[in-house]
file model_23.cif (mmCIF, C-alpha atoms)
data_my_file
loop_
_atom_site.label_atom_id
_atom_site.label_comp_id
_atom_site.auth_asym_id
_atom_site.auth_seq_id
_atom_site.Cartn_x
_atom_site.Cartn_y
_atom_site.Cartn_z
CA MET Y 1 0.00 0.00 0.00
CA GLY Y 2 1.36 3.41 -0.93
CA SER Y 3 1.95 6.02 1.71
CA ALA Y 4 -0.53 8.89 2.11
CA LEU Y 5 0.27 12.16 0.30
CA SER Y 6 -0.43 15.61 1.65
CA LEU Y 7 -0.92 18.69 -0.51
CA ARG Y 8 1.70 21.41 -0.47
CA SER Y 9 1.14 24.05 2.19
CA ASP Y 10 1.65 27.23 0.15
CA PHE Y 11 -1.86 27.01 -1.37
CA ASP Y 12 -5.37 26.70 0.03
CA GLY Y 13 -8.87 25.98 -1.26
CA SER Y 14 -9.83 29.62 -1.94
CA MET Y 15 -6.64 30.20 -3.94
CA LEU Y 16 -7.29 27.15 -6.13
CA ARG Y 17 -10.91 28.22 -6.75
CA ARG Y 18 -9.72 31.68 -7.79
CA LEU Y 19 -7.18 30.12 -10.18
CA ALA Y 20 -9.93 27.85 -11.59
CA ARG Y 21 -12.05 30.94 -12.40
CA GLN Y 22 -9.12 32.63 -14.14
CA THR Y 23 -7.83 29.77 -16.27
CA ARG Y 24 -9.09 29.09 -19.80
CA ASN Y 25 -8.06 25.44 -19.64
CA ALA Y 26 -11.13 23.36 -18.74
CA ASP Y 27 -9.12 20.32 -17.60
CA GLN Y 28 -6.94 22.45 -15.32
CA ALA Y 29 -10.00 24.14 -13.81
CA ARG Y 30 -11.64 20.76 -13.07
CA ARG Y 31 -8.50 19.48 -11.38
CA LEU Y 32 -8.02 22.66 -9.34
CA LEU Y 33 -11.60 22.43 -8.02
CA SER Y 34 -11.08 18.76 -7.08
CA LEU Y 35 -7.92 19.56 -5.13
CA ALA Y 36 -9.64 22.57 -3.53
CA SER Y 37 -12.18 20.21 -2.00
CA ILE Y 38 -9.31 18.27 -0.36
CA TYR Y 39 -7.89 21.53 1.06
CA ASP Y 40 -11.37 22.17 2.53
CA GLY Y 41 -11.31 18.82 4.38
CA GLY Y 42 -12.84 16.52 1.79
CA SER Y 43 -11.58 13.02 1.11
CA ARG Y 44 -9.78 11.74 -1.95
CA ALA Y 45 -12.98 9.87 -2.88
CA ASP Y 46 -14.93 13.18 -2.75
CA ALA Y 47 -12.34 14.78 -5.01
CA ALA Y 48 -12.57 11.81 -7.42
CA ARG Y 49 -16.38 12.16 -7.64
CA LEU Y 50 -16.07 15.91 -8.23
CA GLY Y 51 -13.53 15.36 -11.02
CA SER Y 52 -15.35 12.30 -12.47
CA VAL Y 53 -12.16 10.21 -12.22
CA THR Y 54 -10.75 7.42 -10.06
CA VAL Y 55 -8.95 7.94 -6.77
CA GLN Y 56 -5.66 6.84 -8.36
CA ILE Y 57 -5.91 9.66 -10.91
CA VAL Y 58 -6.55 12.12 -8.07
CA ARG Y 59 -3.35 10.84 -6.45
CA ASP Y 60 -1.51 11.50 -9.73
CA TRP Y 61 -2.90 15.05 -9.74
CA VAL Y 62 -1.59 15.59 -6.22
CA VAL Y 63 1.89 14.40 -7.25
CA ARG Y 64 1.94 16.74 -10.27
CA PHE Y 65 0.54 19.66 -8.23
CA ASN Y 66 3.10 19.23 -5.45
CA ALA Y 67 5.93 19.10 -7.97
CA ARG Y 68 5.02 21.98 -10.32
CA GLY Y 69 2.09 23.82 -8.77
CA PRO Y 70 -1.02 24.73 -10.82
CA GLU Y 71 0.97 24.46 -14.07
CA GLY Y 72 1.46 20.76 -13.37
CA LEU Y 73 -2.29 20.20 -13.84
CA ILE Y 74 -2.13 21.20 -17.54
CA ASN Y 75 -1.76 18.35 -20.00
CA GLY Y 76 1.60 18.51 -21.73
CA LYS Y 77 2.22 17.64 -25.34
CA SER Y 78 3.48 14.14 -25.95
CA PRO Y 79 7.10 14.18 -27.12
CA GLY Y 80 6.29 11.56 -29.71
CA LYS Y 81 8.70 9.13 -31.29
CA PRO Y 82 12.33 10.34 -31.19
CA SER Y 83 13.94 11.31 -34.48
CA LEU Y 84 15.76 8.59 -36.39
CA LEU Y 85 18.56 11.06 -37.21
CA ASN Y 86 20.96 12.64 -34.74
CA ASP Y 87 22.41 16.16 -35.00
CA GLU Y 88 25.46 15.07 -37.00
CA GLN Y 89 23.33 13.15 -39.48
CA ARG Y 90 20.93 16.09 -39.89
CA LYS Y 91 23.92 18.35 -40.53
CA ALA Y 92 25.17 15.97 -43.23
CA LEU Y 93 21.66 15.84 -44.74
CA ALA Y 94 21.49 19.64 -44.85
CA GLN Y 95 24.86 19.77 -46.62
CA ALA Y 96 23.67 17.21 -49.16
CA ILE Y 97 20.50 19.22 -49.85
CA GLU Y 98 22.46 22.44 -50.27
CA ARG Y 99 25.04 20.78 -52.52
CA GLY Y 100 22.45 19.01 -54.65
CA PRO Y 101 22.81 15.63 -56.34
CA THR Y 102 25.69 14.64 -58.61
CA PRO Y 103 23.88 13.40 -61.74
CA TYR Y 104 26.36 10.69 -62.72
CA LEU Y 105 26.40 9.30 -59.15
CA GLU Y 106 22.84 9.70 -57.90
CA GLY Y 107 21.22 9.45 -61.35
CA VAL Y 108 18.98 12.51 -60.81
CA VAL Y 109 19.34 16.26 -61.33
CA ARG Y 110 17.23 17.32 -58.34
CA TRP Y 111 16.54 15.76 -54.97
CA ARG Y 112 13.24 14.01 -54.37
CA LEU Y 113 12.29 12.58 -51.01
CA CYS Y 114 12.78 9.04 -52.30
CA ASP Y 115 16.29 10.00 -53.48
CA LEU Y 116 17.17 11.53 -50.12
CA ALA Y 117 15.84 8.45 -48.32
CA GLN Y 118 18.10 6.29 -50.50
CA TRP Y 119 21.04 8.62 -49.79
CA ILE Y 120 20.44 8.31 -46.02
CA TRP Y 121 20.37 4.53 -46.31
CA GLU Y 122 23.61 4.44 -48.26
CA GLU Y 123 25.35 6.88 -45.89
CA PHE Y 124 24.05 5.81 -42.46
CA ARG Y 125 22.17 2.51 -43.06
CA ILE Y 126 19.02 4.11 -41.63
CA SER Y 127 15.68 3.33 -43.27
CA VAL Y 128 13.40 6.40 -43.35
CA SER Y 129 9.99 6.63 -45.02
CA GLU Y 130 9.26 9.50 -47.39
CA GLU Y 131 6.55 10.85 -45.03
CA THR Y 132 8.92 10.87 -42.03
CA LEU Y 133 11.73 12.36 -44.09
CA GLY Y 134 9.39 15.08 -45.41
CA ARG Y 135 8.56 16.14 -41.84
CA GLU Y 136 12.23 16.06 -40.90
CA VAL Y 137 13.29 18.19 -43.87
CA ARG Y 138 10.52 20.74 -43.24
CA ALA Y 139 11.51 20.93 -39.56
CA MET Y 140 15.04 21.79 -40.73
CA GLY Y 141 13.59 24.80 -42.58
CA TYR Y 142 13.64 23.45 -46.15
CA ARG Y 143 10.79 23.84 -48.66
CA LYS Y 144 10.42 22.89 -52.31
CA LEU Y 145 10.93 26.25 -54.06
CA SER Y 146 11.19 27.38 -57.66
CA ALA Y 147 14.81 27.68 -58.74
CA ARG Y 148 15.91 30.94 -60.34
CA PRO Y 149 17.87 30.69 -63.59
CA ARG Y 150 21.62 31.26 -63.57
CA HIS Y 151 23.62 31.83 -66.73
CA HIS Y 152 25.89 28.88 -67.44
CA ALA Y 153 28.85 31.18 -68.22
CA GLN Y 154 28.46 33.45 -65.20
CA ASP Y 155 31.53 34.43 -63.20
CA PRO Y 156 30.43 34.03 -59.53
CA GLU Y 157 33.47 35.93 -58.29
CA ALA Y 158 32.56 38.96 -60.41
CA ALA Y 159 29.03 39.01 -58.97
CA GLU Y 160 30.31 38.78 -55.39
CA ALA Y 161 32.93 41.45 -56.06
CA PHE Y 162 30.21 43.76 -57.39
CA LYS Y 163 28.25 43.34 -54.15
CA LYS Y 164 31.31 43.95 -51.95
CA THR Y 165 32.50 47.01 -53.84
CA PHE Y 166 29.02 48.46 -54.31
CA PRO Y 167 29.45 51.01 -51.46
CA ALA Y 168 32.02 52.65 -53.76
CA VAL Y 169 29.03 54.13 -55.56
CA ALA Y 170 29.21 56.81 -52.88
CA GLU Y 171 32.14 58.22 -54.88
CA ILE Y 172 29.56 59.45 -57.37
CA ALA Y 173 28.51 61.91 -54.68
CA THR Y 174 31.81 63.73 -55.14
CA GLY Y 175 31.19 64.13 -58.88
CA PRO Y 176 27.90 64.79 -60.69
CA ALA Y 177 25.87 64.18 -57.53
CA LYS Y 178 27.84 66.46 -55.21
CA GLY Y 179 25.60 67.81 -52.47
CA LYS Y 180 22.62 65.69 -53.56
CA VAL Y 181 20.82 62.66 -52.19
CA ILE Y 182 21.69 59.37 -53.92
CA GLU Y 183 18.75 57.32 -55.23
CA ILE Y 184 19.51 53.74 -56.30
CA TRP Y 185 17.41 52.62 -59.29
CA PHE Y 186 17.32 49.28 -61.12
CA GLN Y 187 16.23 48.95 -64.76
CA ASP Y 188 15.31 46.11 -67.11
CA GLU Y 189 12.98 45.17 -69.97
CA ALA Y 190 10.37 42.44 -70.32
CA ARG Y 191 8.69 41.14 -73.45
CA ILE Y 192 4.94 40.60 -73.07
CA GLY Y 193 3.21 38.89 -75.99
CA GLN Y 194 0.41 36.72 -77.25
CA LYS Y 195 2.53 33.59 -76.84
CA ASN Y 196 2.02 33.93 -73.10
CA LYS Y 197 3.19 32.13 -69.98
CA ILE Y 198 1.10 29.60 -68.03
CA THR Y 199 1.56 29.79 -64.26
CA ARG Y 200 0.71 27.46 -61.41
CA ARG Y 201 -2.89 27.58 -60.18
CA TRP Y 202 -4.95 26.06 -57.38
CA ALA Y 203 -6.71 22.81 -58.31
CA ARG Y 204 -7.76 19.54 -56.73
CA ARG Y 205 -4.99 17.03 -56.13
CA GLY Y 206 -4.81 14.41 -58.85
CA THR Y 207 -6.11 16.73 -61.56
CA ARG Y 208 -4.29 18.65 -64.30
CA PRO Y 209 -5.74 22.20 -64.54
CA SER Y 210 -5.84 23.95 -67.89
CA ALA Y 211 -5.27 27.59 -68.84
CA PRO Y 212 -5.69 29.50 -72.13
CA HIS Y 213 -2.55 29.61 -74.28
CA ASP Y 214 -2.12 31.56 -77.52
CA GLN Y 215 0.34 30.76 -80.30
CA ARG Y 216 0.30 34.16 -82.03
CA THR Y 217 3.42 36.33 -81.81
CA ARG Y 218 2.38 39.99 -81.41
CA SER Y 219 4.26 41.51 -78.48
CA ALA Y 220 5.29 44.69 -76.65
CA TYR Y 221 8.13 45.57 -74.31
CA ILE Y 222 7.87 47.02 -70.83
CA PHE Y 223 10.84 49.24 -70.00
CA GLY Y 224 10.69 49.26 -66.21
CA ALA Y 225 12.75 50.82 -63.41
CA ILE Y 226 12.28 50.80 -59.63
CA CYS Y 227 13.78 52.62 -56.67
CA PRO Y 228 13.26 50.10 -53.83
CA LYS Y 229 14.18 52.44 -50.98
CA GLN Y 230 11.60 55.05 -52.02
CA GLY Y 231 9.03 52.60 -53.44
CA LYS Y 232 9.04 54.49 -56.74
CA ALA Y 233 8.71 53.09 -60.25
CA ALA Y 234 8.91 54.43 -63.81
CA ALA Y 235 8.06 52.58 -67.02
CA LEU Y 236 7.17 52.86 -70.68
CA VAL Y 237 5.49 50.30 -72.93
CA MET Y 238 7.22 50.30 -76.31
CA PRO Y 239 6.72 48.32 -79.55
CA TRP Y 240 10.47 47.71 -79.93
CA CYS Y 241 13.60 47.35 -77.82
CA ASP Y 242 16.41 49.62 -79.05
CA THR Y 243 18.45 52.71 -78.21
CA HIS Y 244 15.65 55.14 -79.12
CA ALA Y 245 13.24 53.37 -76.75
CA MET Y 246 15.92 53.37 -74.03
CA ASN Y 247 16.45 57.13 -74.44
CA GLN Y 248 12.73 57.68 -73.91
CA HIS Y 249 12.83 55.54 -70.79
CA LEU Y 250 15.78 57.48 -69.38
CA ILE Y 251 13.73 60.67 -69.77
CA GLU Y 252 10.85 59.02 -67.89
CA ILE Y 253 13.17 57.87 -65.07
CA SER Y 254 14.70 61.35 -64.86
CA ARG Y 255 11.23 62.84 -64.33
CA ASN Y 256 10.69 60.58 -61.32
CA VAL Y 257 13.99 61.39 -59.58
CA ALA Y 258 13.55 63.88 -56.74
CA ASP Y 259 14.67 67.47 -57.38
CA ASN Y 260 17.42 67.29 -54.73
CA ALA Y 261 18.59 63.81 -55.73
CA HIS Y 262 20.85 62.08 -58.23
CA ALA Y 263 19.97 58.59 -59.53
CA VAL Y 264 22.44 55.74 -59.87
CA LEU Y 265 20.80 53.51 -62.48
CA ILE Y 266 21.91 49.86 -62.28
CA MET Y 267 21.21 47.69 -65.32
CA ASP Y 268 22.72 44.94 -67.45
CA GLN Y 269 25.06 45.43 -70.38
CA ALA Y 270 22.55 45.02 -73.22
CA GLY Y 271 23.56 46.72 -76.47
CA TRP Y 272 20.99 49.53 -76.19
CA HIS Y 273 22.13 50.17 -72.58
CA MET Y 274 25.75 50.75 -73.54
CA SER Y 275 25.21 52.42 -76.94
CA ASN Y 276 27.25 55.54 -77.83
CA ASN Y 277 23.98 57.09 -79.02
CA LEU Y 278 22.45 56.87 -75.56
CA VAL Y 279 21.55 60.30 -74.15
CA VAL Y 280 21.85 60.14 -70.35
CA PRO Y 281 20.11 62.93 -68.37
CA LYS Y 282 22.25 65.00 -66.01
CA ASN Y 283 20.58 63.61 -62.89
CA ILE Y 284 21.34 59.98 -63.80
CA THR Y 285 24.59 57.97 -63.67
CA ILE Y 286 24.56 54.48 -65.22
CA LEU Y 287 26.25 51.65 -63.32
CA PRO Y 288 26.45 48.41 -65.37
CA LEU Y 289 26.05 45.02 -63.74
CA PRO Y 290 28.65 42.27 -64.21
CA PRO Y 291 28.03 40.20 -67.36
CA LYS Y 292 25.53 37.34 -67.18
CA SER Y 293 24.33 38.21 -63.64
CA PRO Y 294 20.56 38.80 -63.91
CA GLU Y 295 19.92 37.69 -60.31
CA LEU Y 296 21.60 40.91 -59.11
CA ASN Y 297 18.76 42.90 -60.68
CA PRO Y 298 15.53 42.85 -58.59
CA VAL Y 299 13.49 44.00 -61.60
CA GLU Y 300 13.70 40.37 -62.75
CA ASN Y 301 11.63 39.50 -59.67
CA ILE Y 302 9.23 42.34 -60.48
CA TRP Y 303 8.56 40.74 -63.87
CA GLN Y 304 7.82 37.40 -62.23
CA PHE Y 305 5.46 39.06 -59.74
CA MET Y 306 3.60 40.90 -62.51
CA ARG Y 307 3.30 37.81 -64.70
CA ASP Y 308 2.08 35.65 -61.82
CA ASN Y 309 -0.59 38.16 -60.80
CA TRP Y 310 -1.72 40.10 -63.89
CA LEU Y 311 -0.14 39.10 -67.20
CA SER Y 312 -0.10 35.28 -67.46
CA ASN Y 313 -2.92 32.84 -68.32
CA ARG Y 314 -4.39 35.38 -70.77
CA VAL Y 315 -5.18 35.53 -74.48
CA PHE Y 316 -4.48 39.01 -75.84
CA LYS Y 317 -6.78 40.06 -78.70
CA SER Y 318 -4.38 42.51 -80.35
CA TYR Y 319 -1.27 44.63 -79.85
CA GLU Y 320 -3.42 47.38 -78.30
CA ASP Y 321 -4.82 44.84 -75.85
CA ILE Y 322 -1.28 43.84 -74.85
CA VAL Y 323 -0.37 47.50 -74.24
CA ASP Y 324 -3.52 48.07 -72.16
CA HIS Y 325 -2.78 45.10 -69.92
CA CYS Y 326 0.87 46.08 -69.53
CA CYS Y 327 -0.12 49.61 -68.52
CA TYR Y 328 -2.73 48.30 -66.08
CA ALA Y 329 -0.22 45.91 -64.48
CA TRP Y 330 2.46 48.58 -64.04
CA ARG Y 331 0.05 51.19 -62.67
CA THR Y 332 -1.24 48.61 -60.19
CA LEU Y 333 2.35 47.97 -59.11
CA GLN Y 334 2.99 51.72 -58.72
CA HIS Y 335 0.01 51.94 -56.37
CA ARG Y 336 1.63 49.29 -54.18
CA PRO Y 337 4.96 50.81 -53.08
CA TRP Y 338 5.21 48.23 -50.30
CA ASN Y 339 5.50 45.51 -52.98
CA ILE Y 340 8.29 47.44 -54.72
CA MET Y 341 10.14 47.86 -51.41
CA SER Y 342 9.71 44.19 -50.46
CA ILE Y 343 10.55 42.62 -53.82
CA GLY Y 344 13.34 45.06 -54.68
CA ARG Y 345 15.14 44.98 -51.31
CA ARG Y 346 18.77 43.84 -51.46
CA LYS Y 347 21.04 43.78 -48.40
CA TRP Y 348 24.08 44.94 -50.33
CA VAL Y 349 22.21 48.07 -51.43
CA GLN Y 350 20.39 49.05 -48.26
CA GLY Y 351 23.05 51.50 -47.15
CA PHE Y 352 21.81 53.96 -49.79
#
call {"tool": "encode", "arguments": {"input": "model_23.cif", "output": "structure tokens"}}
result
Amino acid sequence: MGSALSLRSDFDGSMLRRLARQTRNADQARRLLSLASIYDGGSRADAARLGSVTVQIVRDWVVRFNARGPEGLINGKSPGKPSLLNDEQRKALAQAIERGPTPYLEGVVRWRLCDLAQWIWEEFRISVSEETLGREVRAMGYRKLSARPRHHAQDPEAAEAFKKTFPAVAEIATGPAKGKVIEIWFQDEARIGQKNKITRRWARRGTRPSAPHDQRTRSAYIFGAICPKQGKAAALVMPWCDTHAMNQHLIEISRNVADNAHAVLIMDQAGWHMSNNLVVPKNITILPLPPKSPELNPVENIWQFMRDNWLSNRVFKSYEDIVDHCCYAWRTLQHRPWNIMSIGRRKWVQGF
């Protein structure tokens, strides 16, 4: 027979009843009221009837209450089955995910859960189901995301050097921008046409949703520029992509630069960007990006945002219809400066 247990002496019945009124946990309130009856002189059997449980469960409540106070009467979450992988194995898994598969060794060009489960078996001789591995990978902070394109001939060192030396743009302040505020702008072009993109859309699992797709080839070009820090944007929709169109866009950007500011316009090295016939306004200085480094330009993400929300999954009736939709999409973006700031934000630029 177990020895009798007494309740801790730093509480009494009135205190437990007050705590029961304050708590939002129904189980804790029921247990507090049962123990309050014992403080008031009731028996363990009385407390069991009040809590609609057995006397052994009341004894368990007393043990938990004596050890941790009122918090001990709240049901804790079950820890569940321990992970099959230890910290070192999870670290190795994370490195494998970051590195990606080696096609001639693993036989695939991207990791699937079944491939990672096979890799874990070969490395650690641990058998993990795809469902368990999926939970493990998500708990490590990984998600299946769309990969952004990277030019096959890109020089990674040049891109990193551009980021590190970018603060040198402040030297412009001693030249044409002396005494003025520096505004950092990014510029790019996007072709929008009848042969349109098809994006992902919500649908029932197991089905293949459809979307309208045109095979005609009429198109227009959006010349777009954003200033992420100010949430500003300037664009033109043009029928062609050449130096004349770029000159018109520079005039439009110049109009949107503040009177007391000088714009540093960052863009790629397309032929019409570097042309000798380009007429650059006095309040703009062009800073070219390293070759083959589109991911350094946040306007690329602006195009994806616009296509996903306003320009894809459409059939354009004519060139005029394309222009109307392009203008609508850009004006909608201009009315959402928080989107421009969020999408266009880059850590290596935020000092300006």
call {"tool": "closest_residue", "arguments": {"input": "model_23.cif", "among": "Y:Lys163, Y:His244, Y:Arg64, Y:Arg21", "to": "Asn277 (chain Y)", "atoms": "only C-alpha atoms"}}
result
Y:His244
call {"tool": "atom_distance", "arguments": {"input": "model_23.cif", "atom1": "CA of Asn313 (chain Y)", "atom2": "CA of Cys326 (chain Y)"}}
result
13.8 Å
call {"tool": "atom_distance", "arguments": {"input": "model_23.cif", "atom1": "CA of Ala92 (chain Y)", "atom2": "CA of Ser78 (chain Y)"}}
result
27.8 Å
call {"tool": "closest_residue", "arguments": {"input": "model_23.cif", "among": "Y:Arg204, Y:His273, Y:Arg346, Y:Arg18", "to": "Asp242 (chain Y)", "atoms": "all atoms listed in the file"}}
result
Y:His273
call {"tool": "residues_near_point", "arguments": {"input": "model_23.cif", "point": "(10.0, 53.4, -61.2)", "cutoff": "10 Å", "atoms": "all atoms listed in the file", "output": "PyMOL selection string"}}
result
chain Y and resi 185-187+223-228+230-236+252-254+256-257+330+333-334+337+340
call {"tool": "resolve_selection", "arguments": {"input": "model_23.cif", "expression": "the PyMOL selection byres ((chain Y and resi 96) around 12)", "output": "list in words"}}
result
Gln89, Arg90, Lys91, Ala92, Leu93, Ala94, Gln95, Ile97, Glu98, Arg99, Gly100, Pro101, Thr102, Glu106, Arg110, Trp111, Asp115, Leu116, Ala117, Trp119, Ile120, Glu123 and Val137 of chain Y
call {"tool": "residues_around", "arguments": {"input": "model_23.cif", "residues": "Asn260 (chain Y)", "least_positions_apart": "5", "cutoff": "9 Å", "atoms": "all atoms listed in the file", "output": "list of chain:residue names"}}
result
Y:Gly179, Y:Lys180, Y:Val181
call {"tool": "closest_residue", "arguments": {"input": "model_23.cif", "among": "Y:His249, Y:Lys317, Y:Arg138, Y:Arg31", "to": "Arg216 (chain Y)", "atoms": "only C-alpha atoms"}}
result
Y:Lys317
call {"tool": "closest_residue", "arguments": {"input": "model_23.cif", "among": "Y:Glu320, Y:Gly69, Y:Val53, Y:Gln269", "to": "Met15 (chain Y)", "atoms": "all atoms listed in the file"}}
result
Y:Gly69
call {"tool": "residues_around", "arguments": {"input": "model_23.cif", "residues": "Leu289 (chain Y)", "least_positions_apart": "5", "cutoff": "9 Å", "atoms": "only C-alpha atoms", "output": "list in words"}}
result
Ala159, Phe162, Ile266, Met267, Asp268, Gln269, Pro294, Leu296 and Asn297 of chain Y
call {"tool": "write_last_selection", "arguments": {"input": "model_23.cif", "atoms": "C-alpha atoms", "output": "mmCIF file, in the coordinates of the input"}}
result
data_model
loop_
_atom_site.group_PDB
_atom_site.id
_atom_site.type_symbol
_atom_site.label_atom_id
_atom_site.label_comp_id
_atom_site.auth_asym_id
_atom_site.auth_seq_id
_atom_site.Cartn_x
_atom_site.Cartn_y
_atom_site.Cartn_z
ATOM 1 C CA ALA Y 159 29.030 39.010 -58.970
ATOM 2 C CA PHE Y 162 30.210 43.760 -57.390
ATOM 3 C CA ILE Y 266 21.910 49.860 -62.280
ATOM 4 C CA MET Y 267 21.210 47.690 -65.320
ATOM 5 C CA ASP Y 268 22.720 44.940 -67.450
ATOM 6 C CA GLN Y 269 25.060 45.430 -70.380
ATOM 7 C CA PRO Y 294 20.560 38.800 -63.910
ATOM 8 C CA LEU Y 296 21.600 40.910 -59.110
ATOM 9 C CA ASN Y 297 18.760 42.900 -60.680
#
call {"tool": "atom_distance", "arguments": {"input": "model_23.cif", "atom1": "CA of Cys327 (chain Y)", "atom2": "CA of Val237 (chain Y)"}}
result
7.2 Å
call {"tool": "axis_aligned_box", "arguments": {"input": "model_23.cif", "around": "region 256-259 of chain Y", "padding_each_side": "4 Å", "output": "lines of an AutoDock Vina configuration file"}}
result
center_x = 12.7
center_y = 64.0
center_z = -59.0
size_x = 12.0
size_y = 14.9
size_z = 12.6
call {"tool": "closest_residue", "arguments": {"input": "model_23.cif", "among": "Y:Val323, Y:Ser293, Y:Arg191, Y:Arg314", "to": "Ala153 (chain Y)", "atoms": "all atoms listed in the file"}}
result
Y:Ser293
